[in-house]
>>> print(open('target_38.cif').read())   # mmCIF, C-alpha atoms
data_coords
loop_
_atom_site.label_atom_id
_atom_site.label_comp_id
_atom_site.auth_asym_id
_atom_site.auth_seq_id
_atom_site.Cartn_x
_atom_site.Cartn_y
_atom_site.Cartn_z
CA MET E 30 5.71 -4.75 -31.08
CA THR E 31 3.98 -5.68 -27.85
CA ALA E 32 4.63 -9.20 -26.53
CA HIS E 33 1.67 -11.14 -25.17
CA SER E 34 1.63 -14.23 -22.99
CA VAL E 35 0.22 -17.56 -24.09
CA ALA E 36 -2.65 -17.12 -21.64
CA GLU E 37 -3.57 -13.72 -23.09
CA LEU E 38 -3.53 -15.02 -26.68
CA ARG E 39 -5.56 -18.08 -25.69
CA GLU E 40 -8.20 -15.98 -23.94
CA ALA E 41 -8.31 -13.49 -26.81
CA TRP E 42 -9.03 -16.33 -29.23
CA ARG E 43 -11.76 -17.67 -26.95
CA ALA E 44 -13.30 -14.20 -26.87
CA ILE E 45 -13.16 -13.95 -30.67
CA GLU E 46 -14.83 -17.34 -31.06
CA ALA E 47 -17.53 -16.26 -28.59
CA GLY E 48 -18.13 -13.05 -30.53
CA GLU E 49 -17.11 -10.82 -27.64
CA PHE E 50 -14.97 -8.56 -29.87
CA ALA E 51 -17.29 -8.62 -32.88
CA HIS E 52 -19.64 -5.80 -33.80
CA GLY E 53 -23.23 -6.43 -32.80
CA PRO E 54 -24.62 -8.62 -29.98
CA ARG E 55 -22.22 -9.89 -27.35
CA SER E 56 -22.49 -13.26 -25.66
CA ILE E 57 -25.12 -13.30 -22.93
CA PRO E 58 -23.76 -13.95 -19.42
CA ALA E 59 -24.94 -17.13 -17.78
CA ALA E 60 -27.55 -16.58 -15.13
CA PRO E 61 -26.04 -16.73 -11.62
CA GLY E 62 -26.96 -19.79 -9.63
CA THR E 63 -28.19 -21.88 -12.62
CA ALA E 64 -25.55 -24.55 -11.98
CA THR E 65 -24.95 -26.08 -8.56
CA VAL E 66 -22.27 -28.69 -9.30
CA TRP E 67 -18.77 -28.15 -10.63
CA THR E 68 -16.85 -30.92 -12.36
CA PRO E 69 -13.22 -29.99 -13.14
CA ALA E 70 -11.61 -31.24 -16.33
CA PRO E 71 -9.87 -34.66 -16.02
CA SER E 72 -6.42 -33.09 -16.37
CA GLU E 73 -7.18 -30.21 -13.98
CA ARG E 74 -5.81 -30.45 -10.44
CA VAL E 75 -7.77 -28.35 -7.98
CA VAL E 76 -6.47 -26.86 -4.73
CA ALA E 77 -8.77 -25.02 -2.32
CA VAL E 78 -7.11 -22.18 -0.40
CA VAL E 79 -9.28 -21.22 2.57
CA GLY E 80 -8.65 -18.01 4.49
CA CYS E 81 -9.40 -18.70 8.16
CA ALA E 82 -9.99 -14.97 8.73
CA GLY E 83 -9.98 -11.78 6.69
CA GLY E 84 -6.67 -10.21 5.76
CA VAL E 85 -4.46 -13.21 6.61
CA GLY E 86 -2.94 -13.44 3.11
CA ALA E 87 -4.98 -16.25 1.56
CA SER E 88 -5.20 -14.54 -1.85
CA THR E 89 -1.43 -14.01 -1.86
CA VAL E 90 -0.87 -17.69 -1.02
CA ALA E 91 -3.32 -18.73 -3.75
CA LEU E 92 -1.58 -16.60 -6.38
CA ALA E 93 1.85 -17.76 -5.24
CA LEU E 94 0.80 -21.43 -5.58
CA ALA E 95 -0.53 -20.89 -9.09
CA THR E 96 2.59 -18.95 -10.11
CA ALA E 97 5.01 -21.45 -8.57
CA SER E 98 3.30 -24.47 -10.16
CA GLY E 99 5.42 -24.02 -13.27
CA ALA E 100 2.42 -24.89 -15.47
CA PRO E 101 -0.56 -23.06 -16.97
CA ALA E 102 -2.82 -22.33 -14.01
CA ARG E 103 -5.73 -20.21 -12.89
CA VAL E 104 -6.93 -18.73 -9.63
CA VAL E 105 -10.71 -18.67 -9.11
CA GLU E 106 -11.68 -16.17 -6.44
CA CYS E 107 -14.94 -17.02 -4.69
CA GLY E 108 -15.89 -14.02 -2.62
CA PRO E 109 -17.70 -10.69 -2.81
CA PRO E 110 -16.29 -8.33 -5.48
CA LEU E 111 -15.82 -5.56 -2.91
CA ALA E 112 -13.49 -7.84 -0.91
CA SER E 113 -11.45 -8.98 -3.92
CA GLY E 114 -7.73 -9.41 -3.42
CA PHE E 115 -7.14 -9.43 -7.20
CA SER E 116 -8.75 -6.15 -8.29
CA ALA E 117 -5.31 -4.71 -9.13
CA ALA E 118 -3.28 -7.91 -9.55
CA ALA E 119 -3.56 -8.63 -13.28
CA ASN E 120 -1.00 -7.62 -15.90
CA ALA E 121 -3.76 -7.61 -18.50
CA GLU E 122 -7.53 -7.50 -18.25
CA LEU E 123 -9.27 -10.04 -20.52
CA GLY E 124 -12.85 -8.86 -20.18
CA THR E 125 -15.72 -10.96 -18.90
CA GLU E 126 -16.99 -14.45 -19.55
CA GLY E 127 -20.49 -14.99 -18.26
CA PRO E 128 -20.58 -13.81 -14.63
CA TRP E 129 -16.77 -13.81 -14.28
CA ARG E 130 -14.21 -11.06 -14.80
CA ARG E 131 -10.91 -12.39 -16.13
CA GLY E 132 -7.32 -11.17 -16.12
CA SER E 133 -3.88 -12.68 -16.56
CA ARG E 134 -0.39 -12.67 -15.10
CA GLY E 135 1.77 -14.52 -17.62
CA ASP E 136 0.41 -18.06 -17.75
CA VAL E 137 -1.79 -17.56 -14.69
CA LEU E 138 -5.44 -16.64 -15.28
CA LEU E 139 -7.31 -14.71 -12.61
CA GLU E 140 -11.08 -15.13 -12.40
CA ARG E 141 -13.26 -13.17 -9.99
CA PRO E 142 -17.06 -12.91 -9.84
CA ILE E 143 -18.89 -9.86 -11.05
CA THR E 144 -21.61 -10.39 -8.42
CA GLY E 145 -21.48 -11.71 -4.88
CA ASP E 146 -23.18 -15.00 -5.72
CA ALA E 147 -21.32 -18.32 -5.30
CA ILE E 148 -21.19 -18.99 -9.06
CA VAL E 149 -19.85 -22.24 -10.48
CA PRO E 150 -16.56 -21.63 -12.35
CA VAL E 151 -16.60 -21.71 -16.14
CA PRO E 152 -15.06 -24.83 -17.74
CA THR E 153 -11.35 -24.50 -18.29
CA GLU E 154 -9.32 -25.47 -21.31
CA SER E 155 -7.27 -28.66 -21.10
CA ALA E 156 -4.08 -26.55 -21.15
CA VAL E 157 -4.79 -25.35 -17.60
CA GLU E 158 -3.23 -27.92 -15.26
CA TRP E 159 -3.83 -26.26 -11.87
CA THR E 160 -6.88 -24.43 -10.57
CA VAL E 161 -6.52 -22.73 -7.20
CA VAL E 162 -9.87 -21.86 -5.62
CA ASP E 163 -9.50 -18.86 -3.30
CA THR E 164 -12.28 -18.87 -0.69
CA ASN E 165 -12.81 -18.10 3.00
CA TRP E 166 -13.83 -19.64 6.29
CA THR E 167 -17.56 -19.26 5.63
CA THR E 168 -17.21 -22.05 3.07
CA VAL E 169 -16.00 -24.38 5.81
CA SER E 170 -18.78 -23.37 8.17
CA GLU E 171 -21.42 -23.99 5.51
CA THR E 172 -20.15 -27.20 3.93
CA GLY E 173 -23.68 -28.37 3.21
CA ALA E 174 -24.44 -25.61 0.72
CA GLY E 175 -23.55 -25.17 -2.92
CA TRP E 176 -20.72 -26.35 -5.10
CA LEU E 177 -18.05 -24.92 -2.76
CA GLY E 178 -19.23 -27.07 0.14
CA SER E 179 -19.40 -30.14 -2.09
CA MET E 180 -15.91 -29.46 -3.38
CA LEU E 181 -14.42 -29.18 0.11
CA ARG E 182 -15.95 -32.51 1.12
CA THR E 183 -14.38 -34.36 -1.80
CA LEU E 184 -11.24 -32.42 -2.75
CA ASP E 185 -7.84 -34.01 -2.06
CA ASP E 186 -5.99 -30.72 -1.52
CA VAL E 187 -7.28 -28.18 1.03
CA VAL E 188 -5.00 -25.42 2.35
CA LEU E 189 -6.09 -23.48 5.44
CA VAL E 190 -4.37 -20.08 5.66
CA THR E 191 -4.00 -17.97 8.79
CA ASN E 192 -1.46 -15.65 10.42
CA ALA E 193 1.05 -16.21 13.21
CA THR E 194 -1.01 -14.73 16.03
CA VAL E 195 -2.94 -16.38 18.85
CA PRO E 196 -6.33 -15.39 17.34
CA GLY E 197 -5.10 -16.56 13.94
CA ILE E 198 -4.04 -19.96 15.27
CA ARG E 199 -7.35 -20.34 17.07
CA ARG E 200 -9.19 -19.59 13.84
CA LEU E 201 -7.12 -22.24 12.10
CA GLU E 202 -8.02 -24.74 14.79
CA SER E 203 -11.71 -23.89 14.47
CA CYS E 204 -11.65 -24.20 10.68
CA ALA E 205 -9.83 -27.53 10.93
CA GLU E 206 -12.48 -28.85 13.33
CA LEU E 207 -15.30 -27.66 11.07
CA LEU E 208 -13.62 -29.17 8.02
CA GLY E 209 -13.20 -32.47 9.87
CA ARG E 210 -10.62 -33.94 7.51
CA ASP E 211 -6.95 -33.83 6.50
CA ALA E 212 -5.65 -30.45 5.38
CA LEU E 213 -2.49 -28.39 5.08
CA GLY E 214 -2.23 -25.41 7.43
CA VAL E 215 -0.22 -22.45 6.11
CA VAL E 216 0.70 -19.85 8.74
CA VAL E 217 1.76 -16.50 7.30
CA GLY E 218 4.41 -14.71 9.32
CA PRO E 219 7.82 -15.55 10.77
CA THR E 220 9.17 -19.08 10.63
CA ALA E 221 7.72 -21.45 13.21
CA LYS E 222 10.96 -21.33 15.22
CA ARG E 223 10.45 -17.59 15.69
CA TRP E 224 6.81 -17.69 16.72
CA PRO E 225 6.19 -15.99 20.08
CA ARG E 226 5.67 -18.48 22.88
CA PRO E 227 1.89 -17.82 23.17
CA VAL E 228 1.51 -18.67 19.47
CA LYS E 229 3.42 -21.92 19.91
CA VAL E 230 1.24 -22.84 22.88
CA ALA E 231 -1.92 -22.10 20.88
CA ALA E 232 -0.65 -24.21 17.97
CA ALA E 233 -0.63 -27.28 20.23
CA GLY E 234 -4.42 -27.39 19.92
CA ILE E 235 -4.41 -27.85 16.13
CA PRO E 236 -5.60 -31.37 15.19
CA ALA E 237 -2.83 -33.78 14.22
CA ARG E 238 -4.47 -34.40 10.83
CA VAL E 239 -3.51 -30.82 9.82
CA HIS E 240 0.10 -30.52 8.68
CA ILE E 241 1.48 -27.05 9.55
CA THR E 242 3.98 -25.12 7.46
CA ASP E 243 5.00 -21.46 7.56
CA PHE E 244 4.88 -18.84 4.82
CA PRO E 245 6.78 -15.52 4.79
CA LEU E 246 5.05 -12.18 5.25
CA ASP E 247 6.09 -9.54 2.73
CA PRO E 248 6.08 -5.98 4.20
CA ARG E 249 5.51 -4.35 0.81
CA LEU E 250 2.42 -6.42 0.04
CA GLN E 251 1.09 -5.59 3.50
CA VAL E 252 0.93 -1.97 2.34
CA THR E 253 0.08 -2.25 -1.38
CA GLY E 254 -1.84 -5.49 -1.60
CA LEU E 255 -1.41 -7.56 -4.77
CA THR E 256 -0.25 -5.54 -7.78
CA PRO E 257 0.84 -6.50 -11.32
CA ASP E 258 4.45 -6.64 -10.09
CA PRO E 259 6.08 -10.08 -9.81
CA LEU E 260 5.70 -11.78 -6.45
CA PRO E 261 8.82 -11.64 -4.24
CA ALA E 262 11.14 -14.65 -4.59
CA PRO E 263 10.76 -15.79 -0.95
CA LEU E 264 7.01 -16.15 -1.44
CA LEU E 265 7.47 -18.26 -4.56
CA THR E 266 10.01 -20.45 -2.77
CA ALA E 267 7.57 -20.97 0.09
CA ALA E 268 4.82 -21.75 -2.44
CA GLN E 269 7.03 -24.39 -4.04
CA ASN E 270 7.45 -25.99 -0.62
CA VAL E 271 3.67 -26.03 -0.16
CA LEU E 272 3.20 -27.59 -3.60
CA ALA E 273 5.79 -30.23 -2.74
CA LEU E 274 3.73 -31.17 0.31
CA LEU E 275 0.58 -31.32 -1.80
CA ARG E 276 2.27 -33.48 -4.42
CA LYS E 277 3.23 -36.12 -1.88
CA GLU E 278 1.21 -39.29 -2.18
CA PRO E 279 -1.14 -39.92 0.77
CA THR E 280 0.30 -42.33 3.31
#
>>> encode(input="target_38.cif", output="structure tokens")
Amino acid sequence: MTAHSVAELREAWRAIEAGEFAHGPRSIPAAPGTATVWTPAPSERVVAVVGCAGGVGASTVALALATASGAPARVVECGPPLASGFSAAANAELGTEGPWRRGSRGDVLLERPITGDAIVPVPTESAVEWTVVDTNWTTVSETGAGWLGSMLRTLDDVVLVTNATVPGIRRLESCAELLGRDALGVVVGPTAKRWPRPVKVAAAGIPARVHITDFPLDPRLQVTGLTPDPLPAPLLTAAQNVLALLRKEPT
């Protein structure tokens, strides 16, 4: 007998109720761009993970945060389908809901758009306690447009992700300036004590309102990208440290 996670059973029941597994007409996807405002559920805590450049590991950080939360969670990827970091990350594919393709990894739902439009996420069930929005630097540079820009202006938790290189640190600094508000900077690579001197010098330019923490780089994931395999323990430990920083009350 095959065992299924709670998330898979929950999504299967939602699909049944929507008629997606019934014979005959399927539910009609919502038209892209019809909604411009997203209001999370009252019990849903939202974290925006912003990649300051391509290939710096933002999707891995986003998935690690959702996994390490210890609660039902989802990751909403907001980027072009061809650039998806989650195309091979799910343990089970759950089909589509409107303009979103859904999958699961245990109690973590993965949602990625079918088209390249900046579509408003579908409402989540109350059982989902954390939603991690995986987006990129263009969201920061265009904060006046769409629901993503509105979210970044009002959201309590914004995580800027980059790598431990001089260009990476400079991109983090630029994104922090464009964002213009408090944020958590996650630098993927060696621990801060082991950064090369030029990287440490570059980091001095990061605004004081951005708290910097490091995040390990996994050599296997550098080669394979995200797969259905469990994330390495060091990444989950680092994600727990990031969540602890996010859970701290503002001073």
>>> residues_around(input="target_38.cif", residues="E:Thr168", least_positions_apart="5", cutoff="10 Å", atoms="all atoms listed in the file", output="mmCIF file with C-alpha atoms, in the coordinates of the input")
data_model
loop_
_atom_site.group_PDB
_atom_site.id
_atom_site.type_symbol
_atom_site.label_atom_id
_atom_site.label_comp_id
_atom_site.auth_asym_id
_atom_site.auth_seq_id
_atom_site.Cartn_x
_atom_site.Cartn_y
_atom_site.Cartn_z
ATOM 1 C CA VAL E 79 -9.280 -21.220 2.570
ATOM 2 C CA GLY E 80 -8.650 -18.010 4.490
ATOM 3 C CA CYS E 81 -9.400 -18.700 8.160
ATOM 4 C CA CYS E 107 -14.940 -17.020 -4.690
ATOM 5 C CA GLY E 108 -15.890 -14.020 -2.620
ATOM 6 C CA GLY E 173 -23.680 -28.370 3.210
ATOM 7 C CA ALA E 174 -24.440 -25.610 0.720
ATOM 8 C CA GLY E 175 -23.550 -25.170 -2.920
ATOM 9 C CA TRP E 176 -20.720 -26.350 -5.100
ATOM 10 C CA LEU E 177 -18.050 -24.920 -2.760
ATOM 11 C CA GLY E 178 -19.230 -27.070 0.140
ATOM 12 C CA SER E 179 -19.400 -30.140 -2.090
ATOM 13 C CA MET E 180 -15.910 -29.460 -3.380
ATOM 14 C CA LEU E 181 -14.420 -29.180 0.110
ATOM 15 C CA CYS E 204 -11.650 -24.200 10.680
ATOM 16 C CA LEU E 207 -15.300 -27.660 11.070
ATOM 17 C CA LEU E 208 -13.620 -29.170 8.020
#
>>> residues_near_point(input="target_38.cif", point="(6.5, -9.5, 7.4)", cutoff="12 Å", atoms="all atoms listed in the file", output="list in words")
Val85, Gly86, Asn192, Ala193, Val216, Val217, Gly218, Pro219, Thr220, Phe244, Pro245, Leu246, Asp247, Pro248, Arg249, Leu250, Gln251, Val252, Pro263 and Leu264 of chain E
>>> resolve_selection(input="target_38.cif", expression="the PyMOL selection byres ((chain E and resi 102) around 12)", output="PyMOL selection string")
chain E and resi 35-36+72-76+91-101+103-105+133-140+153-162
>>> residues_around(input="target_38.cif", residues="stretch 87-90 of chain E", least_positions_apart="4", cutoff="8 Å", atoms="only C-alpha atoms", output="PyMOL selection string")
chain E and resi 78-80+94+114-115+163+190-191+255+268
>>> write_last_selection(input="target_38.cif", atoms="C-alpha atoms", output="compact mmCIF listing (two decimals), keeping the file's coordinate frame")
# COMPACT_ATOMS: atom_id res chain seq x y z
CA VAL E 78 -7.11 -22.18 -0.40
CA VAL E 79 -9.28 -21.22 2.57
CA GLY E 80 -8.65 -18.01 4.49
CA LEU E 94 0.80 -21.43 -5.58
CA GLY E 114 -7.73 -9.41 -3.42
CA PHE E 115 -7.14 -9.43 -7.20
CA ASP E 163 -9.50 -18.86 -3.30
CA VAL E 190 -4.37 -20.08 5.66
CA THR E 191 -4.00 -17.97 8.79
CA LEU E 255 -1.41 -7.56 -4.77
CA ALA E 268 4.82 -21.75 -2.44
>>> resolve_selection(input="target_38.cif", expression="the PyMOL selection byres ((chain E and resi 214) around 9)", output="ChimeraX atom specification")
/E:187-191,201,205,212-213,215-216,239-243
>>> resolve_selection(input="target_38.cif", expression="the PyMOL selection byres ((chain E and resi 227-234) around 7)", output="ChimeraX atom specification")
/E:193-195,198-199,202,224-226,235-236
>>> atom_distance(input="target_38.cif", atom1="atom CA of E:Arg131", atom2="atom CA of E:Thr183")
26.5 Å
>>> atom_distance(input="target_38.cif", atom1="atom CA of E:Ser113", atom2="atom CA of E:Gly254")
10.5 Å
